[in-house]
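> The structure under discussion is supplied below as structure tokens; questions concerning it will follow.
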Amino acid sequence: MYKVSEFSYLTGLSKETLRYYAEVELLEPAYINPENNYRYYDDGSYLLAMLLNKLRGFGLTIQEMKTVMNDESFANLERLLVEKKRNIEYQIEELQLKIEDINEFIESGRESEE
């Protein structure tokens with residue numbers, strides 16, 4: 001069992017994030033000492049924390065992560081990740097167009113100076 005500070009260090013999740021995840025029932029402590037309310041996490045919690053960390057890095061919202069954790073279906077996780085990937089690709093295309101617009105604008109300014 002890991003104390004919150006140890007678990008935070010191991011997972012890279014802040015103590016505040018761990019509290020929030022417990023509050024929204026995304027990652028609850030494996031054990032809460034009834035005498036002092038200290039929270040403890042176990043190895044199973046570690047695996048869930050690493051998965052949540054990865055999903056958050058992919059840009060999933062808290063609600064999407066809760067859906068994934070409650071569903072436990074890889075097919076639905078895959079569908080959600082493919083959708084996220086499509087959205088990222090669309091954003092990249094949009095940013096590429098903005099870069100091209102900026103380059104054209106700069107170039108037209110240079111041409112008018114000549």
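Naming scheme: A, B, ... for chains in displayed order of the structure tokens; residues 1 onward per chain; ligands 1 onward as shown.
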Identify, on the basis of only C-alpha atoms, every residue whose closest approach to Thr61 of chain A does not exceed 12 Å; exclude the query and any residue fewer than 6 positions from it along the same chain; express the result as a list in words.
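Final neighbour list, sorted by chain and number: Leu26, Leu52, Asn53, Lys54, Leu55, Thr67, Val68, Leu80, Leu81 and Lys84 of chain A.
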> Just the number, please: distance in Å from atom CA of Lys3 of chain A to atom CA of Gln63 of chain A, one decimal.
26.3 Å
> For segment 70-73 of chain A, work out the shell of residues within 12 Å, counting only C-alpha atoms and skipping chain neighbours fewer than 3 positions away, then give it as a PyMOL selection string.
chain A and resi 25-27+48+51+63-67+76-80
> Which residues are close to Tyr2 of chain A, i.e. within 7 Å by only C-alpha atoms, leaving aside same-chain residues fewer than 2 positions away? Reply as a ChimeraX atom specification.
/A:4,6-7,40-42
> Provide the atom CA of Pro34 of chain A to atom CA of Met1 of chain A distance in Å, to one decimal place.
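About the pair atom CA of Pro34 of chain A and atom CA of Met1 of chain A: they are 15.5 Å apart.
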> Please indicate the distance in Å from atom CA of Arg19 of chain A to atom CA of Glu83 of chain A, rounded to one decimal place.
28.9 Å
> Based on DSSP run over this structure's backbone, return all residues of chain A in strand (DSSP E or B), as a list in words.
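Answer for chain A restricted to strand (DSSP E or B) is Tyr2, Lys3, Tyr31, Ile32, Arg39, Tyr40 and Tyr41 of chain A.
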> Mind writing the picked residues with C-alpha atoms as a PDB file, in the first residue's frame?

```pdb
ATOM      1  CA  TYR A   2       1.173   3.477  -0.876  1.00  0.00           C
ATOM      2  CA  LYS A   3       0.465   6.707   0.954  1.00  0.00           C
ATOM      3  CA  TYR A  31      -8.183   1.811   1.496  1.00  0.00           C
ATOM      4  CA  ILE A  32      -9.084   4.772   3.701  1.00  0.00           C
ATOM      5  CA  ARG A  39      -5.855   7.351   1.828  1.00  0.00           C
ATOM      6  CA  TYR A  40      -3.832   4.416   0.533  1.00  0.00           C
ATOM      7  CA  TYR A  41      -3.395   3.051  -2.957  1.00  0.00           C
TER       8      TYR A  41
END
```
